[in-house]
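Student: My structure is in target-v7.txt, and what it holds is compact mmCIF, C-alpha atoms and all ligand atoms:
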# COMPACT_ATOMS: atom_id res chain seq x y z
CA MET A 163 -22.74 24.71 5.92
CA LYS A 164 -25.67 27.14 6.01
CA LEU A 165 -28.88 25.51 7.16
CA SER A 166 -32.51 26.41 6.56
CA LYS A 167 -34.21 27.99 9.57
CA ARG A 168 -36.03 24.70 10.23
CA LEU A 169 -32.84 22.60 10.23
CA GLN A 170 -30.99 25.26 12.23
CA ALA A 171 -33.67 25.10 14.93
CA ILE A 172 -33.30 21.30 15.04
CA ALA A 173 -29.50 21.64 15.25
CA ASP A 174 -29.93 23.96 18.23
CA PHE A 175 -31.52 21.05 20.13
CA VAL A 176 -28.35 18.96 19.78
CA SER A 177 -25.35 19.11 22.13
CA GLU A 178 -21.73 18.19 21.52
CA THR A 179 -21.88 15.13 23.79
CA ASP A 180 -24.85 13.60 21.96
CA ARG A 181 -24.35 10.40 20.00
CA VAL A 182 -26.78 10.99 17.17
CA ILE A 183 -28.64 8.87 14.68
CA ASP A 184 -30.29 11.04 12.01
CA ILE A 185 -33.03 8.91 10.49
CA GLY A 186 -33.94 10.01 6.98
CA CYS A 187 -30.87 12.21 6.61
CA ASP A 188 -31.46 12.82 2.88
CA HIS A 189 -28.71 15.34 1.91
CA ALA A 190 -27.12 15.07 5.42
CA ASN A 191 -26.84 18.86 5.65
CA LEU A 192 -27.82 18.78 9.32
CA ASP A 193 -25.17 16.16 10.12
CA ILE A 194 -22.46 18.05 8.24
CA TYR A 195 -23.38 21.25 10.06
CA LEU A 196 -23.25 19.50 13.46
CA CYS A 197 -19.86 17.94 12.67
CA GLU A 198 -18.45 21.29 11.62
CA LEU A 199 -19.79 22.87 14.81
CA TYR A 200 -18.77 20.17 17.29
CA LYS A 201 -15.43 18.44 16.83
CA ASP A 202 -16.29 15.48 19.09
CA ILE A 203 -19.88 14.73 18.11
CA LYS A 204 -20.73 11.18 16.95
CA ILE A 205 -23.19 10.90 14.07
CA ILE A 206 -24.79 8.11 12.08
CA ALA A 207 -26.64 9.43 9.05
CA SER A 208 -29.18 6.95 7.69
CA ASP A 209 -31.78 6.77 5.00
CA ILE A 210 -34.08 4.13 3.57
CA HIS A 211 -33.46 5.19 -0.03
CA GLU A 212 -30.19 4.38 -1.75
CA GLY A 213 -30.45 7.54 -3.89
CA ALA A 214 -30.83 9.79 -0.85
CA LEU A 215 -27.96 8.11 0.98
CA GLU A 216 -25.76 8.39 -2.10
CA GLN A 217 -26.47 12.12 -2.14
CA ALA A 218 -25.60 12.27 1.57
CA ARG A 219 -22.31 10.42 0.96
CA THR A 220 -21.32 12.76 -1.87
CA ASN A 221 -22.12 15.76 0.30
CA ILE A 222 -20.19 14.32 3.26
CA GLU A 223 -17.16 13.61 1.03
CA LYS A 224 -17.30 17.14 -0.35
CA HIS A 225 -16.94 18.40 3.23
CA ASN A 226 -14.14 15.92 4.09
CA LEU A 227 -16.21 14.32 6.82
CA THR A 228 -16.24 10.66 5.74
CA LYS A 229 -14.24 9.68 8.84
CA ARG A 230 -16.65 11.47 11.17
CA ILE A 231 -20.13 10.72 9.79
CA GLU A 232 -21.05 7.09 9.33
CA THR A 233 -23.76 6.41 6.75
CA ARG A 234 -26.21 3.50 6.88
CA LEU A 235 -28.86 2.35 4.47
CA GLY A 236 -32.12 1.01 5.83
CA ASP A 237 -35.42 1.40 7.59
CA GLY A 238 -35.55 3.57 10.70
CA LEU A 239 -33.98 2.18 13.84
CA THR A 240 -33.75 -1.40 12.57
CA ILE A 241 -30.25 -0.77 11.20
CA VAL A 242 -28.60 0.32 14.44
CA ASN A 243 -27.81 -1.18 17.77
CA PRO A 244 -29.19 0.83 20.73
CA SER A 245 -25.69 1.01 22.23
CA GLU A 246 -24.48 3.03 19.23
CA PHE A 247 -26.41 6.24 19.97
CA ASP A 248 -28.37 8.14 22.61
CA THR A 249 -30.09 10.79 20.51
CA ILE A 250 -32.53 10.15 17.68
CA ILE A 251 -33.37 12.85 15.16
CA ILE A 252 -36.35 12.36 12.86
CA SER A 253 -37.34 15.36 10.78
CA GLY A 254 -39.14 16.34 7.63
CA MET A 255 -41.50 13.34 7.58
CA GLY A 256 -45.20 12.86 8.27
CA PHE A 257 -46.56 11.55 11.58
CA HIS A 258 -47.56 8.13 10.20
CA ASN A 259 -44.06 7.42 9.00
CA ILE A 260 -42.55 8.63 12.28
CA LYS A 261 -45.00 6.44 14.20
CA LYS A 262 -44.02 3.43 12.08
CA ILE A 263 -40.32 4.08 12.66
CA LEU A 264 -40.73 4.35 16.43
CA SER A 265 -43.13 1.38 16.60
CA ASN A 266 -40.68 -0.85 14.74
CA ALA A 267 -37.78 0.20 16.94
CA PRO A 268 -36.23 -2.54 19.01
CA LYS A 269 -36.00 -1.74 22.74
CA MET A 270 -37.70 1.63 22.33
CA ILE A 271 -37.63 2.02 26.07
CA ASN A 272 -33.88 2.63 26.17
CA TYR A 273 -33.41 5.70 23.99
CA PRO A 274 -32.77 8.75 26.18
CA LYS A 275 -33.53 11.60 23.76
CA ILE A 276 -35.64 11.93 20.62
CA ILE A 277 -35.79 15.16 18.61
CA ILE A 278 -38.70 15.19 16.19
CA GLN A 279 -40.01 17.63 13.61
CA SER A 280 -43.12 16.15 12.06
CA ASN A 281 -44.66 17.72 8.98
CA THR A 282 -48.13 16.57 10.09
CA ASP A 283 -50.27 15.78 13.17
CA VAL A 284 -48.04 17.25 15.86
CA VAL A 285 -50.80 16.78 18.45
CA LYS A 286 -51.06 13.05 17.70
CA LEU A 287 -47.27 12.85 17.80
CA ARG A 288 -47.20 14.25 21.36
CA THR A 289 -49.79 11.70 22.50
CA PHE A 290 -48.03 8.80 20.81
CA VAL A 291 -44.49 9.48 22.01
CA THR A 292 -45.49 10.33 25.59
CA LYS A 293 -47.30 6.98 25.75
CA LEU A 294 -43.98 5.29 24.96
CA GLY A 295 -42.63 6.59 28.28
CA TYR A 296 -41.32 10.01 27.29
CA LYS A 297 -41.93 13.54 28.48
CA ILE A 298 -41.62 16.72 26.47
CA SER A 299 -38.54 18.54 27.69
CA ARG A 300 -38.19 21.22 25.03
CA GLU A 301 -40.25 22.62 22.14
CA GLU A 302 -39.96 25.38 19.64
CA LEU A 303 -42.00 26.89 16.82
CA VAL A 304 -39.98 28.01 13.84
CA LEU A 305 -41.02 29.96 10.76
CA ASP A 306 -39.29 28.87 7.57
CA ASN A 307 -40.43 29.85 4.08
CA GLU A 308 -43.85 30.86 5.36
CA ILE A 309 -44.43 27.51 7.06
CA ILE A 310 -44.48 27.16 10.83
CA TYR A 311 -42.82 23.98 12.09
CA THR A 312 -42.81 22.52 15.60
CA ILE A 313 -39.65 20.93 16.93
CA ILE A 314 -40.02 18.72 19.99
CA GLU A 315 -37.44 17.09 22.21
CA PHE A 316 -38.70 14.04 24.10
CA THR A 317 -36.68 12.59 26.97
CA LYS A 318 -37.30 9.53 29.12
CA GLY A 319 -39.75 10.22 31.92
CA GLU A 320 -43.35 10.70 32.84
CA GLU A 321 -45.41 13.87 32.85
CA LYS A 322 -49.18 14.13 32.46
CA TYR A 323 -50.49 16.71 30.00
CA ASN A 324 -54.02 18.12 29.89
CA TYR A 325 -55.84 18.67 26.59
CA SER A 326 -54.48 22.19 26.06
CA GLN A 327 -50.92 21.23 26.93
CA ASN A 328 -51.05 18.34 24.50
CA TYR A 329 -52.65 20.49 21.82
CA PHE A 330 -50.36 23.53 21.99
CA GLY A 331 -47.34 21.86 23.56
CA PRO A 332 -46.56 22.12 27.27
CA ARG A 333 -43.22 23.88 26.80
CA ILE A 334 -44.60 26.16 24.07
CA LEU A 335 -47.37 27.29 26.44
CA GLU A 336 -44.77 28.21 29.05
CA ASN A 337 -43.03 30.49 26.61
CA LYS A 338 -45.55 31.94 24.17
CA ASN A 339 -43.97 34.28 21.65
CA GLU A 340 -45.07 36.38 18.67
CA LEU A 341 -44.95 33.36 16.38
CA PHE A 342 -47.35 31.51 18.65
CA TYR A 343 -49.77 34.40 18.53
CA GLU A 344 -49.50 34.67 14.73
CA TYR A 345 -49.85 30.92 14.17
CA TYR A 346 -52.90 30.43 16.37
CA SER A 347 -54.60 33.64 15.22
CA LYS A 348 -54.54 32.19 11.71
CA LYS A 349 -55.75 28.82 12.96
CA LEU A 350 -58.57 30.46 14.88
CA LEU A 351 -59.74 32.27 11.76
CA LYS A 352 -59.54 29.04 9.76
CA TYR A 353 -61.60 27.10 12.31
CA GLU A 354 -64.18 29.88 12.65
CA ASN A 355 -64.68 29.90 8.87
CA LEU A 356 -64.81 26.12 8.76
CA LEU A 357 -67.43 26.06 11.49
CA LEU A 358 -69.67 28.33 9.40
CA GLN A 359 -69.42 25.91 6.49
CA LEU A 360 -69.93 22.64 8.34
CA PRO A 361 -73.34 21.05 7.69
CA GLY A 362 -75.53 20.58 10.78
CA TYR A 363 -75.30 16.77 10.70
CA GLU A 364 -71.52 16.89 11.25
CA ILE A 365 -72.19 17.05 14.98
CA PHE A 366 -68.85 15.66 16.18
CA SER A 367 -66.83 17.86 13.87
CA ILE A 368 -68.85 20.91 14.97
CA MET A 369 -68.28 20.09 18.65
CA HIS A 370 -64.58 19.43 18.03
CA HIS A 371 -64.07 22.74 16.21
CA LYS A 372 -66.05 24.67 18.81
CA HIS A 373 -63.78 23.23 21.48
CA LEU A 374 -60.64 24.12 19.54
CA ILE A 375 -61.92 27.66 18.97
CA LYS A 376 -62.58 27.99 22.71
CA ILE A 377 -59.13 26.84 23.83
CA ILE A 378 -57.30 28.85 21.15
CA ARG A 379 -59.24 32.01 22.07
CA LYS A 380 -58.38 31.40 25.72
CA GLU A 381 -54.64 31.10 25.04
CA LEU A 382 -54.58 34.09 22.68
CA THR A 383 -56.35 36.22 25.26
CA LYS A 384 -53.80 35.18 27.86
CA VAL A 385 -51.01 36.31 25.51
CA LYS A 386 -52.70 39.69 25.10
CA LYS A 387 -53.05 40.08 28.86
CA GLU A 388 -49.37 39.23 29.40
CA ASP A 389 -48.41 41.79 26.77
CA LYS A 390 -50.13 44.60 28.68
C1 LIG B 401 -38.20 14.94 3.28
S1 LIG B 401 -36.76 14.11 3.69
C2 LIG B 401 -36.25 14.96 5.14
C3 LIG B 401 -34.76 15.09 5.19
C4 LIG B 401 -34.20 15.72 6.46
N1 LIG B 401 -34.39 14.84 7.60
C5 LIG B 401 -34.83 17.06 6.72
O1 LIG B 401 -35.49 17.23 7.73
O2 LIG B 401 -34.65 17.96 5.87
C6 LIG B 401 -37.29 12.56 4.33
C7 LIG B 401 -36.22 11.51 4.20
O3 LIG B 401 -36.57 10.42 5.04
C8 LIG B 401 -36.27 9.21 4.38
N2 LIG B 401 -37.08 8.15 5.01
C9 LIG B 401 -38.42 7.98 4.92
N3 LIG B 401 -38.80 6.90 5.64
C10 LIG B 401 -37.69 6.41 6.22
C11 LIG B 401 -37.43 5.30 7.07
N4 LIG B 401 -38.42 4.49 7.47
N5 LIG B 401 -36.16 5.06 7.47
C12 LIG B 401 -35.14 5.87 7.07
N6 LIG B 401 -35.32 6.93 6.24
C13 LIG B 401 -36.59 7.20 5.82
C14 LIG B 401 -36.58 9.51 2.93
O4 LIG B 401 -35.91 8.64 2.05
C15 LIG B 401 -36.09 10.97 2.80
O5 LIG B 401 -34.75 11.03 2.38
Could you write out this structure as structure tokens?
Tutor:
Amino acid sequence: MKLSKRLQAIADFVSETDRVIDIGCDHANLDIYLCELYKDIKIIASDIHEGALEQARTNIEKHNLTKRIETRLGDGLTIVNPSEFDTIIISGMGFHNIKKILSNAPKMINYPKIIIQSNTDVVKLRTFVTKLGYKISREELVLDNEIIYTIIEFTKGEEKYNYSQNYFGPRILENKNELFYEYYSKKLLKYENLLLQLPGYEIFSIMHHKHLIKIIRKELTKVKKEDK
């Protein structure tokens, strides 16, 4: 199974000993890949839509993995017992949906590891999940089809993050790479242009964007210094 760069980066966050629930598995490509890679991995592939799960089942059958990947129909974590898994994967959805899934989860406190790739509001996602009693243990930016995605692994624990750490990602800041520089250079340009267009009465938006421009410039300058 050949994965997209985005799914491959998510797969790289998973280890053989993990007992995984993939929420919103859709085609189940990630789960098939993980099963082919790790002979002992335990996976539940779930989806809220019958059509998507049917597609997953067909795909799983095609790869002769029906005995190794269990499929479940239903909403988020409401269809599993916490004792059945220790690693949650949620990817390819927007923040509001992810928030709903985690908010409706029974005994949220007990899940050791959550790997999330949100299509929107990654900053809000960091704030929300850390408030549930998680710290950010690993993060990665990945470029796939001209879109930059952020993959975050949350594990149980407490760690306080300042504004910049929460905005950029604490682990991403520790390991800034070319993609970081490219991504935030584009963002900086976007915010600078936006600032020029904002009407004077949009005081809060102006202040917010000025602040973002300041912290992005600061981090980009640090990258340049480190490169020297
Ligand atoms: C865009 S696909 C992403 C598929 C795959 N996770 C990926 O990253 O490529 C989103 C999937 O999540 C499913 N989904 C959305 N909300 C869900 C929920 N509350 N519980 C389970 N599945 C959900 C959708 O039916 C859809 O198949």
Student: Might I get the box with edges along x, y and z of the file that holds all atoms of ligand LIG 401 (chain B) listed there, padded by 6 Å on every side, given as centre and edge lengths in Å to one decimal, as AutoDock Vina command-line options?
Tutor:
--center_x -36.5 --center_y 11.2 --center_z 4.9 --size_x 16.6 --size_y 25.5 --size_z 17.7
Student: Can you work out which residues are within 6 Å of ligand LIG 401 (chain B), considering only C-alpha atoms and all ligand atoms, and then hand them over as a VMD selection string?
Tutor: chain A and resid 185 to 188 209 to 211 214 236 to 238 253 to 255 263
Student: Rounded to one decimal, what separation in Å do you get between CA of Phe175 (chain A) and CA of Asn339 (chain A)?
Tutor: 18.2 Å
Student: Can you work out the spacing between CA of Ser326 (chain A) and CA of Thr292 (chain A) in Å, to one decimal?
Tutor: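 CA of Thr292 (chain A) lies at a distance of 14.9 Å from CA of Ser326 (chain A).
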Student: Rounded to one decimal place, report the CA of Asn328 (chain A)-CA of Gly295 (chain A) distance in Å.
Tutor: 14.9 Å
Student: May I have the residues at most 12 Å from (-20.2, 25.5, 17.1) in the file's coordinates, counting only C-alpha atoms, as a short mmCIF file (atom, residue, chain, number, x, y, z; two decimals) with C-alpha atoms, keeping the file's coordinate frame?
Tutor:
data_model
loop_
_atom_site.label_atom_id
_atom_site.label_comp_id
_atom_site.auth_asym_id
_atom_site.auth_seq_id
_atom_site.Cartn_x
_atom_site.Cartn_y
_atom_site.Cartn_z
CA MET A 163 -22.74 24.71 5.92
CA GLN A 170 -30.99 25.26 12.23
CA ALA A 173 -29.50 21.64 15.25
CA ASP A 174 -29.93 23.96 18.23
CA VAL A 176 -28.35 18.96 19.78
CA SER A 177 -25.35 19.11 22.13
CA GLU A 178 -21.73 18.19 21.52
CA ILE A 194 -22.46 18.05 8.24
CA TYR A 195 -23.38 21.25 10.06
CA LEU A 196 -23.25 19.50 13.46
CA CYS A 197 -19.86 17.94 12.67
CA GLU A 198 -18.45 21.29 11.62
CA LEU A 199 -19.79 22.87 14.81
CA TYR A 200 -18.77 20.17 17.29
CA LYS A 201 -15.43 18.44 16.83
CA ASP A 202 -16.29 15.48 19.09
CA ILE A 203 -19.88 14.73 18.11
#
Student: Can you tell me which residues surround region 218-232 of chain A at a distance of at most 6 Å, considering all atoms listed in the file, apart from same-chain residues fewer than 6 positions away, and format the answer as a list in words?
Tutor: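 Contacts, in chain order: His189, Ala190, Ile205 and Ile206 of chain A.
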Student: Name the residues in contact with region 297-314 of chain A at a cut-off of 8 Å, using all atoms listed in the file, excluding same-chain residues fewer than 3 positions from it; report them as a PyMOL selection string.
Tutor: chain A and resi 166-168+171-172+277-281+284+288+292+317-321+331-334+341-342+345
Student: Identify which of the residues A:Gly256, A:Lys204, A:Asp184, A:Gln327 lies closest to Leu239 (chain A), counting only C-alpha atoms when measuring atom-to-atom distances.
Tutor: A:Asp184
Student: Hey, which of A:Glu381, A:Val285, A:Lys261, A:Asn191 ends up closest to Ser347 (chain A)? Count only C-alpha atoms.
Tutor: A:Glu381
Student: Counting all atoms listed in the file, which residue out of A:Thr240, A:Glu354, A:His258, A:Leu360 sits closest to Lys372 (chain A)?
Tutor: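 Looking at the shortest contact to Lys372 (chain A), the residue is A:Glu354.
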Student: Counting only C-alpha atoms, which residues sit no farther than 12 Å from the position (-60.2, 24.8, 21.8) in the file's frame? I'd like them as JSON, numbers by chain.
Tutor: {"A": [325, 326, 327, 328, 329, 330, 346, 349, 350, 353, 354, 368, 369, 370, 371, 372, 373, 374, 375, 376, 377, 378, 379, 380, 381, 382]}
Student: Could you add N, CA and C atoms to region 337-369 of chain A and give me the result as a compact mmCIF listing (two decimals), in the frame of the given file?
Tutor:
# COMPACT_ATOMS: atom_id res chain seq x y z
N ASN A 337 -43.86 29.44 27.19
CA ASN A 337 -43.03 30.49 26.61
C ASN A 337 -43.63 31.00 25.31
N LYS A 338 -44.86 31.52 25.39
CA LYS A 338 -45.55 31.94 24.17
C LYS A 338 -44.88 33.18 23.59
N ASN A 339 -44.62 33.13 22.29
CA ASN A 339 -43.97 34.28 21.65
C ASN A 339 -44.84 34.82 20.51
N GLU A 340 -44.32 35.76 19.77
CA GLU A 340 -45.07 36.38 18.67
C GLU A 340 -45.53 35.35 17.64
N LEU A 341 -44.64 34.39 17.37
CA LEU A 341 -44.95 33.36 16.38
C LEU A 341 -46.15 32.53 16.82
N PHE A 342 -46.21 32.24 18.10
CA PHE A 342 -47.35 31.51 18.65
C PHE A 342 -48.63 32.28 18.38
N TYR A 343 -48.58 33.56 18.70
CA TYR A 343 -49.77 34.40 18.53
C TYR A 343 -50.20 34.43 17.06
N GLU A 344 -49.22 34.60 16.18
CA GLU A 344 -49.50 34.67 14.73
C GLU A 344 -50.10 33.35 14.22
N TYR A 345 -49.46 32.26 14.63
CA TYR A 345 -49.85 30.92 14.17
C TYR A 345 -51.28 30.60 14.59
N TYR A 346 -51.59 30.82 15.89
CA TYR A 346 -52.90 30.43 16.37
C TYR A 346 -53.98 31.45 16.02
N SER A 347 -53.61 32.68 15.72
CA SER A 347 -54.60 33.64 15.22
C SER A 347 -55.09 33.17 13.86
N LYS A 348 -54.16 32.70 13.04
CA LYS A 348 -54.54 32.19 11.71
C LYS A 348 -55.39 30.94 11.84
N LYS A 349 -55.00 30.06 12.75
CA LYS A 349 -55.75 28.82 12.96
C LYS A 349 -57.16 29.13 13.44
N LEU A 350 -57.27 30.09 14.33
CA LEU A 350 -58.57 30.46 14.88
C LEU A 350 -59.50 30.92 13.74
N LEU A 351 -58.96 31.76 12.88
CA LEU A 351 -59.74 32.27 11.76
C LEU A 351 -60.19 31.11 10.85
N LYS A 352 -59.26 30.20 10.61
CA LYS A 352 -59.54 29.04 9.76
C LYS A 352 -60.68 28.19 10.36
N TYR A 353 -60.58 27.94 11.65
CA TYR A 353 -61.60 27.10 12.31
C TYR A 353 -62.94 27.82 12.39
N GLU A 354 -62.91 29.13 12.59
CA GLU A 354 -64.18 29.88 12.65
C GLU A 354 -64.88 29.84 11.28
N ASN A 355 -64.10 29.97 10.21
CA ASN A 355 -64.68 29.90 8.87
C ASN A 355 -65.19 28.51 8.57
N LEU A 356 -64.43 27.52 8.98
CA LEU A 356 -64.81 26.12 8.76
C LEU A 356 -66.12 25.81 9.47
N LEU A 357 -66.22 26.30 10.67
CA LEU A 357 -67.43 26.06 11.49
C LEU A 357 -68.67 26.60 10.77
N LEU A 358 -68.52 27.74 10.11
CA LEU A 358 -69.67 28.33 9.40
C LEU A 358 -70.11 27.47 8.22
N GLN A 359 -69.12 26.71 7.68
CA GLN A 359 -69.42 25.91 6.49
C GLN A 359 -69.84 24.48 6.79
N LEU A 360 -69.63 24.05 8.03
CA LEU A 360 -69.93 22.64 8.34
C LEU A 360 -71.44 22.40 8.36
N PRO A 361 -71.91 21.35 7.65
CA PRO A 361 -73.34 21.05 7.69
C PRO A 361 -73.78 20.58 9.08
N GLY A 362 -75.02 20.86 9.44
CA GLY A 362 -75.53 20.58 10.78
C GLY A 362 -75.37 19.14 11.24
N TYR A 363 -75.38 18.18 10.28
CA TYR A 363 -75.30 16.77 10.70
C TYR A 363 -73.88 16.36 11.12
N GLU A 364 -72.90 17.20 10.85
CA GLU A 364 -71.52 16.89 11.25
C GLU A 364 -71.32 17.25 12.72
N ILE A 365 -72.15 16.63 13.57
CA ILE A 365 -72.19 17.05 14.98
C ILE A 365 -70.83 16.97 15.68
N PHE A 366 -70.13 15.84 15.47
CA PHE A 366 -68.85 15.66 16.18
C PHE A 366 -67.82 16.67 15.73
N SER A 367 -67.79 16.90 14.41
CA SER A 367 -66.83 17.86 13.87
C SER A 367 -67.15 19.27 14.39
N ILE A 368 -68.44 19.59 14.46
CA ILE A 368 -68.85 20.91 14.97
C ILE A 368 -68.40 21.07 16.43
N MET A 369 -68.66 20.02 17.23
CA MET A 369 -68.28 20.09 18.65
C MET A 369 -66.76 20.21 18.80
